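Shown next, in structure tokens, is the structure this report addresses.
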Amino acid sequence: MADYSQFGFQDASSPVMEELVEFHDHALMVALAICSLVLYLLTMMLTEKLSSSTVDAQEIELVWTILPAIVLILLALPSLQILYMMDEVNEPDLTLKAIGHQWYWTYEYTDLKDLTFDSYMVPTTDLPLGHFRLLEVDHRVIVPMESPVRVIVTADDVLHSWAVPSLGVKTDAIPGRLNQTSFTATRPGIFYGQCSEICGANHSFMPIVVESTTLADFENWSSLMSS
């Protein structure tokens with residue numbers, strides 16, 4: 001989860017998020033190169049080391065036409081690769097349905113019989129010592145790590161958005177429509193998210209908590225919840 005005064009993204013916990021962090025660093029390096037070039041040219045012009053009386057230079061025009069095209073290609077190719085990667089849902093081991101309400105989430109494990117529950121934020125007055133304010137819920141989403149999970153997202157009333165930054169997941173929940181996304185948690189842990197679409201007065205009070213466990217622990221939990 002995010003820390004106070006954190007600089008940068010949360011620790012990546014899925015292959016998609018790892019790619020997003022790498023692309024962010026790549027884009028920053030491209031932007032740094034552009035800014036350095038512009039600053040260099042401005043310095044040269046202000047110090048009169050570069051002629052300001054040039055009215056025609058076809059070579060320069062060729063450079064400033066080709067160079068932006070190269071920059072766009074350097075940004076477009078990796079971003080398109082990540083875009084297709086985020087849309088892929090290939091043979092998931094588990095399917096989870098997330099339904100947004102004002103102001104809580106309902107989860108259905110469609111592969112498991114009779115496993116449905118509501119997830120509400122734990123009020124600050126009931127929060128155990130050491131837990132996180134406005135982020136803890138009474139029922140967490142439990143998933144097995146290193147297993148592809150498909151998430152079907154919808155809403156019951158207004159627009160919501162199911163987002164967990166550490167997993168690189170953000171999908172809009174739209175009434176009457178099913179959107180889907182997927183993720184694979186690469187390590188055990190607890191990952192926090194929140195509704196990322198303004199949905200009313202208590203928009204800030206419908207957090208998302210995903211807990212990644214071993215397959216054995218997940219099976220024990222699902223058996224306990226179904227009984």
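Every chain in the structure tokens has a letter given in the order shown (A, B, ...), and although residue numbers restart at 1 in each chain, ligands are simply numbered from 1 in the order shown.
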**Message:** Please extract the residues of stretch 11-158 of chain A with a backbone DSSP assignment of alpha helix (DSSP H) and present them as a ChimeraX atom specification.
**Reply:** /A:15-46,58-87
**Request:** Quick one: everything within 7 Å of stretch 163-179 of chain A, counting only C-alpha atoms, minus sequence neighbours fewer than 3 positions away in the same chain. Send it as a list in words.
**Result:**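 Counting only C-alpha atoms, the residues come to Gln10, Asp11, Ala12, Ser13, Ser14, Val16, Met17, Gly100, Ile152, Val153, Thr154, Ala155, Asp156, Asp157, Val158, Leu159, His160, Phe183, Ala185, Phe191, Tyr192, Gly193, Gln194, Cys195 and Ser196 of chain A.
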Could those residues be written to a file, using N, CA and C atoms, as an mmCIF file, in the first residue's frame?
```cif
data_model
loop_
_atom_site.group_PDB
_atom_site.id
_atom_site.type_symbol
_atom_site.label_atom_id
_atom_site.label_comp_id
_atom_site.auth_asym_id
_atom_site.auth_seq_id
_atom_site.Cartn_x
_atom_site.Cartn_y
_atom_site.Cartn_z
ATOM 1 N N GLN A 10 3.238 2.118 -5.908
ATOM 2 C CA GLN A 10 3.292 1.051 -4.920
ATOM 3 C C GLN A 10 4.078 -0.129 -5.500
ATOM 4 N N ASP A 11 4.538 -1.009 -4.623
ATOM 5 C CA ASP A 11 5.280 -2.180 -5.081
ATOM 6 C C ASP A 11 4.400 -3.026 -5.995
ATOM 7 N N ALA A 12 4.928 -3.379 -7.150
ATOM 8 C CA ALA A 12 4.168 -4.177 -8.113
ATOM 9 C C ALA A 12 3.969 -5.593 -7.585
ATOM 10 N N SER A 13 2.739 -6.079 -7.692
ATOM 11 C CA SER A 13 2.412 -7.423 -7.207
ATOM 12 C C SER A 13 1.747 -8.265 -8.276
ATOM 13 N N SER A 14 1.866 -7.847 -9.531
ATOM 14 C CA SER A 14 1.336 -8.619 -10.653
ATOM 15 C C SER A 14 2.181 -8.311 -11.881
ATOM 16 N N VAL A 16 1.291 -7.357 -14.825
ATOM 17 C CA VAL A 16 0.825 -6.144 -15.497
ATOM 18 C C VAL A 16 1.373 -4.903 -14.807
ATOM 19 N N MET A 17 1.324 -4.878 -13.482
ATOM 20 C CA MET A 17 1.823 -3.714 -12.757
ATOM 21 C C MET A 17 3.326 -3.562 -12.928
ATOM 22 N N GLY A 100 -20.740 -3.279 -7.468
ATOM 23 C CA GLY A 100 -20.676 -2.054 -6.691
ATOM 24 C C GLY A 100 -22.049 -1.562 -6.278
ATOM 25 N N ILE A 152 -15.120 -10.027 -12.995
ATOM 26 C CA ILE A 152 -16.242 -9.447 -13.732
ATOM 27 C C ILE A 152 -16.824 -8.342 -12.863
ATOM 28 N N VAL A 153 -16.900 -7.143 -13.410
ATOM 29 C CA VAL A 153 -17.259 -5.965 -12.620
ATOM 30 C C VAL A 153 -18.545 -5.349 -13.161
ATOM 31 N N THR A 154 -19.463 -5.060 -12.267
ATOM 32 C CA THR A 154 -20.703 -4.371 -12.625
ATOM 33 C C THR A 154 -21.167 -3.554 -11.425
ATOM 34 N N ALA A 155 -22.295 -2.875 -11.579
ATOM 35 C CA ALA A 155 -22.831 -2.047 -10.498
ATOM 36 C C ALA A 155 -24.334 -2.230 -10.411
ATOM 37 N N ASP A 156 -24.855 -1.941 -9.246
ATOM 38 C CA ASP A 156 -26.285 -2.117 -8.996
ATOM 39 C C ASP A 156 -27.060 -0.811 -9.085
ATOM 40 N N ASP A 157 -26.364 0.332 -8.932
ATOM 41 C CA ASP A 157 -27.086 1.603 -8.859
ATOM 42 C C ASP A 157 -26.458 2.698 -9.719
ATOM 43 N N VAL A 158 -25.250 3.135 -9.363
ATOM 44 C CA VAL A 158 -24.574 4.205 -10.099
ATOM 45 C C VAL A 158 -23.195 3.714 -10.543
ATOM 46 N N LEU A 159 -22.454 4.574 -11.212
ATOM 47 C CA LEU A 159 -21.112 4.212 -11.663
ATOM 48 C C LEU A 159 -20.166 4.051 -10.478
ATOM 49 N N HIS A 160 -19.399 2.985 -10.504
ATOM 50 C CA HIS A 160 -18.322 2.754 -9.549
ATOM 51 C C HIS A 160 -17.081 2.346 -10.353
ATOM 52 N N PHE A 183 -5.995 -10.506 -13.227
ATOM 53 C CA PHE A 183 -4.707 -10.271 -12.585
ATOM 54 C C PHE A 183 -4.175 -11.588 -12.050
ATOM 55 N N ALA A 185 -1.681 -12.468 -8.872
ATOM 56 C CA ALA A 185 -0.865 -12.012 -7.743
ATOM 57 C C ALA A 185 0.412 -12.843 -7.677
ATOM 58 N N PHE A 191 -3.541 -6.385 -0.363
ATOM 59 C CA PHE A 191 -3.474 -5.274 -1.308
ATOM 60 C C PHE A 191 -4.739 -4.426 -1.181
ATOM 61 N N TYR A 192 -4.531 -3.130 -1.017
ATOM 62 C CA TYR A 192 -5.642 -2.221 -0.758
ATOM 63 C C TYR A 192 -5.983 -1.412 -2.006
ATOM 64 N N GLY A 193 -7.273 -1.163 -2.166
ATOM 65 C CA GLY A 193 -7.754 -0.318 -3.245
ATOM 66 C C GLY A 193 -8.999 0.416 -2.795
ATOM 67 N N GLN A 194 -9.527 1.240 -3.678
ATOM 68 C CA GLN A 194 -10.734 1.995 -3.365
ATOM 69 C C GLN A 194 -11.559 2.175 -4.630
ATOM 70 N N CYS A 195 -12.825 2.526 -4.434
ATOM 71 C CA CYS A 195 -13.652 2.904 -5.574
ATOM 72 C C CYS A 195 -13.033 4.142 -6.215
ATOM 73 N N SER A 196 -12.822 4.098 -7.526
ATOM 74 C CA SER A 196 -12.125 5.183 -8.214
ATOM 75 C C SER A 196 -13.037 5.944 -9.165
#
```
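With only C-alpha atoms as the atoms that count, the minimum distance from A:Thr213 to the choices A:Val151, A:Met145, A:Ile198, A:Ile99 is reached by A:Met145.
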DSSP strand (DSSP E or B) residues within stretch 118-159 of chain A, listed as a PDB file with C-alpha atoms, in the first residue's frame:
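result.pdb was written with the following content:
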```pdb
ATOM      1  CA  ASP A 118     -20.868  -8.183   1.103  1.00  0.00           C
ATOM      2  CA  SER A 119     -17.776  -6.172   1.959  1.00  0.00           C
ATOM      3  CA  MET A 121     -15.611  -0.616   5.383  1.00  0.00           C
ATOM      4  CA  VAL A 137     -13.151  -4.108   5.401  1.00  0.00           C
ATOM      5  CA  VAL A 141     -11.407 -10.877  -1.177  1.00  0.00           C
ATOM      6  CA  ILE A 142      -9.233 -13.981  -0.868  1.00  0.00           C
ATOM      7  CA  VAL A 143      -7.432 -15.281  -3.958  1.00  0.00           C
ATOM      8  CA  PRO A 144      -4.702 -17.889  -4.490  1.00  0.00           C
ATOM      9  CA  VAL A 149      -8.050 -14.536 -11.636  1.00  0.00           C
ATOM     10  CA  ARG A 150     -10.766 -13.079 -13.840  1.00  0.00           C
ATOM     11  CA  VAL A 151     -12.821 -10.277 -12.294  1.00  0.00           C
ATOM     12  CA  ILE A 152     -16.242  -9.447 -13.732  1.00  0.00           C
ATOM     13  CA  VAL A 153     -17.259  -5.965 -12.620  1.00  0.00           C
ATOM     14  CA  THR A 154     -20.703  -4.371 -12.625  1.00  0.00           C
ATOM     15  CA  ALA A 155     -22.831  -2.047 -10.498  1.00  0.00           C
TER      16      ALA A 155
END
```
**Counting only C-alpha atoms, the option among A:Leu67, A:Phe23, A:Tyr120, A:Asp111 closest to A:Leu37** = A:Leu67
**Prompt:** Hey, can you check how far atom CA of A:Met85 sits from atom CA of A:Leu20?
**Reply:**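 Atom-to-atom, atom CA of A:Met85 and atom CA of A:Leu20 are spaced 10.6 Å apart.
The neighbours of A:Asp126 here are the residues that come within 12 Å of it, using only C-alpha atoms and leaving out any residue fewer than 5 positions away in the same chain; they are Met121, His131, Phe132, Arg133, Leu134, Glu136, Val137 and Asp138 of chain A.
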For the selection you just gave me, I'd like the residues written to a file as a compact mmCIF listing (two decimals), in the first residue's frame, keeping C-alpha atoms.
```
# COMPACT_ATOMS: atom_id res chain seq x y z
CA MET A 121 -15.61 -0.62 5.38
CA HIS A 131 -5.17 -1.42 11.17
CA PHE A 132 -5.57 1.20 8.47
CA ARG A 133 -8.26 3.86 8.67
CA LEU A 134 -10.69 4.00 5.71
CA GLU A 136 -10.03 -2.07 6.22
CA VAL A 137 -13.15 -4.11 5.40
CA ASP A 138 -15.14 -6.71 7.30
```
**Complete:** For A:Ser147, the closest of A:Leu94, A:Leu115, A:Val71, A:Ile190 counting only C-alpha atoms is A:Leu94
**Distance in Å - atom CA of A:Phe117 versus atom CA of A:Trp105** =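 According to the coordinates, atom CA of A:Phe117 and atom CA of A:Trp105 are separated by 8.6 Å.
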